[in-house]
Protein chains: 2
Amino acid sequence: MPEIKLNTINPIELSPGYTARFVHTEHMTFSFLDVKAGSASAEHSHPQEQVAMLTEGEFELTIEGTPVRFGPGSVIVIPSNVRHSGLAITDCKLMDVFTPVREDFRALSKK
Amino acid sequence: MPEIKLNTINPIELSPGYTARFVHTEHMTFSFLDVKAGSASAEHSHPQEQVAMLTEGEFELTIEGTPVRFGPGSVIVIPSNVRHSGLAITDCKLMDVFTPVREDFRALSKK
């Protein structure tokens with residue numbers, strides 16, 4: 001079936017305060033995250049292009065050293081291999097879209 | 001700048017009742033659509049993989065002849081080259097994500 005209901009996906013704690021539900025398609029990974037206010041993700045990079053957006057709350061991405069604080073109505077584009085870190089300013093609902101698939105996240109779902 | 005505010009993007013009428021704001025990245029196209037209740041999109045297909053989701057309203061996608069009616073909280077995956085059509089059951093806010101880029105949509109933005 002082409003329809004996936006997010007509330008049927010097992011949540012995975014990616015790091016403290018970051019709870020993810022993943023949808024992997026042929027070429028993309030969608031990560032639907034509930035993030036607790038104050039929770040930080042360490043600086044990292046990956047070959048996948050990433051696009052981030054929020055449906056609730058306020059989040060700060062620091063991309064190559066430049067902080068961008070954003071909320072619903074904005075789209076943040078992180079090119080391939082660009083270093084970035086994150087910080088939840090408030091409790092957030094964040095969606096990250098990656099292409100190609102995050103095989104590291106797919107492997108987590110199978111544990 | 002990596003931040004794109006959706007309210008700064010010029011809307012384009014894709015077809016009657018379908019108003020789109022596009023974000024094109026290196027490998028993906030994001031189409032943020034306002035759709036009026038009762039508006040239909042004709043059956044079509046494209047080589048891009050497509051993922052659809054709603055933030056408001058109810059929409060029906062018919063994928064290879066099978067209708068799927070969905071709302072917020074669902075993710076619909078349309079593989080490459082699979083025929084599909086759409087119908088807004090109510091006024092909707094729909095997001096479609098494509099990979100690779102929809103160069104046909106990018107060309108519309110440049111008109």
# chains A, B, ... in the order shown; residues from 1 in each chain; ligands from 1
$ select_by_dssp --residues "segment 25-107 of chain B" --states "strand (DSSP E or B)" --output "PyMOL selection string"
chain B and resi 29-35+40-44+49-56+59-63+66-70+74-78+84-88+92-99
$ write_last_selection --atoms "C-alpha atoms" --output "PDB file, in the first residue's frame"
ATOM      1  CA  THR B  29      11.801  19.613  -5.707  1.00  0.00           C
ATOM      2  CA  PHE B  30       9.398  20.558  -2.909  1.00  0.00           C
ATOM      3  CA  SER B  31       5.960  21.693  -4.083  1.00  0.00           C
ATOM      4  CA  PHE B  32       3.819  23.431  -1.449  1.00  0.00           C
ATOM      5  CA  LEU B  33       0.274  23.479  -2.796  1.00  0.00           C
ATOM      6  CA  ASP B  34      -2.912  25.229  -1.788  1.00  0.00           C
ATOM      7  CA  VAL B  35      -5.729  23.257  -3.367  1.00  0.00           C
ATOM      8  CA  ALA B  40      -8.919  17.541  -9.769  1.00  0.00           C
ATOM      9  CA  SER B  41      -5.551  16.830 -11.375  1.00  0.00           C
ATOM     10  CA  ALA B  42      -5.592  14.627 -14.477  1.00  0.00           C
ATOM     11  CA  GLU B  43      -3.904  11.223 -14.492  1.00  0.00           C
ATOM     12  CA  HIS B  44      -0.203  11.511 -15.278  1.00  0.00           C
ATOM     13  CA  GLU B  49       9.778   9.411  -7.312  1.00  0.00           C
ATOM     14  CA  GLN B  50       7.080  11.399  -5.425  1.00  0.00           C
ATOM     15  CA  VAL B  51       6.061  11.548  -1.777  1.00  0.00           C
ATOM     16  CA  ALA B  52       2.891  13.433  -0.794  1.00  0.00           C
ATOM     17  CA  MET B  53       1.626  14.618   2.568  1.00  0.00           C
ATOM     18  CA  LEU B  54      -0.983  17.056   3.872  1.00  0.00           C
ATOM     19  CA  THR B  55      -0.781  19.613   6.620  1.00  0.00           C
ATOM     20  CA  GLU B  56      -4.463  20.582   6.312  1.00  0.00           C
ATOM     21  CA  PHE B  59      -7.102  14.710  -0.428  1.00  0.00           C
ATOM     22  CA  GLU B  60      -7.631  11.648  -2.626  1.00  0.00           C
ATOM     23  CA  LEU B  61      -4.850  10.233  -4.772  1.00  0.00           C
ATOM     24  CA  THR B  62      -5.732   7.501  -7.242  1.00  0.00           C
ATOM     25  CA  ILE B  63      -2.629   5.431  -7.894  1.00  0.00           C
ATOM     26  CA  THR B  66      -6.744   2.537  -6.600  1.00  0.00           C
ATOM     27  CA  PRO B  67      -8.043   5.556  -4.639  1.00  0.00           C
ATOM     28  CA  VAL B  68      -6.356   6.479  -1.345  1.00  0.00           C
ATOM     29  CA  ARG B  69      -8.062   9.183   0.732  1.00  0.00           C
ATOM     30  CA  PHE B  70      -5.733  10.706   3.315  1.00  0.00           C
ATOM     31  CA  SER B  74      -0.105  10.041   6.465  1.00  0.00           C
ATOM     32  CA  VAL B  75       2.669   9.798   3.903  1.00  0.00           C
ATOM     33  CA  ILE B  76       1.870   8.609   0.371  1.00  0.00           C
ATOM     34  CA  VAL B  77       4.658   7.150  -1.769  1.00  0.00           C
ATOM     35  CA  ILE B  78       4.312   7.183  -5.576  1.00  0.00           C
ATOM     36  CA  HIS B  84      -1.729   8.824 -10.579  1.00  0.00           C
ATOM     37  CA  SER B  85      -4.386  11.522 -10.365  1.00  0.00           C
ATOM     38  CA  GLY B  86      -5.638  13.736  -7.544  1.00  0.00           C
ATOM     39  CA  LEU B  87      -8.820  15.204  -6.106  1.00  0.00           C
ATOM     40  CA  ALA B  88      -9.159  17.655  -3.221  1.00  0.00           C
ATOM     41  CA  CYS B  92      -6.033  21.420   1.364  1.00  0.00           C
ATOM     42  CA  LYS B  93      -2.448  22.282   2.067  1.00  0.00           C
ATOM     43  CA  LEU B  94      -0.474  19.589   0.275  1.00  0.00           C
ATOM     44  CA  MET B  95       3.282  19.058   0.052  1.00  0.00           C
ATOM     45  CA  ASP B  96       4.813  16.947  -2.702  1.00  0.00           C
ATOM     46  CA  VAL B  97       8.493  16.004  -2.641  1.00  0.00           C
ATOM     47  CA  PHE B  98      10.136  14.788  -5.845  1.00  0.00           C
ATOM     48  CA  THR B  99      13.563  13.401  -6.641  1.00  0.00           C
TER      49      THR B  99
END
$ residues_around --residues "Gly17 of chain B" --least-positions-apart "2" --cutoff "7 Å" --atoms "only C-alpha atoms" --output "ChimeraX atom specification"
/B:15,19,35-36,39
$ write_last_selection --atoms "C-alpha atoms" --output "CSV table (one decimal), in the first residue's frame"
chain,number,residue,atom,x,y,z
B,15,SER,CA,-3.9,24.0,-13.0
B,19,THR,CA,-1.6,27.0,-6.5
B,35,VAL,CA,-5.7,23.3,-3.4
B,36,LYS,CA,-9.4,24.3,-3.5
B,39,SER,CA,-10.2,20.5,-7.8
$ closest_residue --among "A:Leu14, A:Met28, A:Val82, A:Ile89" --to "chain B" --atoms "only C-alpha atoms"
A:Met28
$ atom_distance --atom1 "atom CA of Phe22 of chain A" --atom2 "atom CA of Tyr18 of chain B"
28.7 Å
$ select_by_dssp --residues "chain A" --states "alpha helix (DSSP H)" --output "PyMOL selection string"
chain A and resi 103-109
$ residues_around --residues "Thr90 of chain B" --least-positions-apart "4" --cutoff "6 Å" --atoms "only C-alpha atoms" --output "number ranges by chain"
B: 37, 57-58
$ write_last_selection --atoms "N, CA and C atoms" --output "PDB file, in the first residue's frame"
ATOM      1  N   ALA B  37     -11.149  22.840  -2.652  1.00  0.00           N
ATOM      2  CA  ALA B  37     -12.040  21.675  -2.598  1.00  0.00           C
ATOM      3  C   ALA B  37     -12.649  21.403  -3.966  1.00  0.00           C
ATOM      4  N   GLY B  57      -6.542  19.509   5.697  1.00  0.00           N
ATOM      5  CA  GLY B  57      -7.561  19.066   4.760  1.00  0.00           C
ATOM      6  C   GLY B  57      -7.525  17.579   4.465  1.00  0.00           C
ATOM      7  N   GLU B  58      -8.236  17.218   3.396  1.00  0.00           N
ATOM      8  CA  GLU B  58      -8.354  15.813   2.989  1.00  0.00           C
ATOM      9  C   GLU B  58      -8.210  15.755   1.478  1.00  0.00           C
TER      10      GLU B  58
END
$ atom_distance --atom1 "atom CA of Ile12 of chain A" --atom2 "atom CA of Pro47 of chain A"
22.1 Å
$ atom_distance --atom1 "atom CA of Ser80 of chain A" --atom2 "atom CA of Phe105 of chain B"
22.7 Å
$ closest_residue --among "A:Val23, A:Ile4, A:Ile9, A:Leu108" --to "chain B" --atoms "only C-alpha atoms"
A:Ile4
$ closest_residue --among "B:Lys5, B:Arg21, B:Arg102, B:Arg83" --to "chain A" --atoms "only C-alpha atoms"
B:Lys5
$ closest_residue --among "B:Pro11, B:Gly38, B:Pro72, B:Pro2" --to "chain A" --atoms "only C-alpha atoms"
B:Pro2
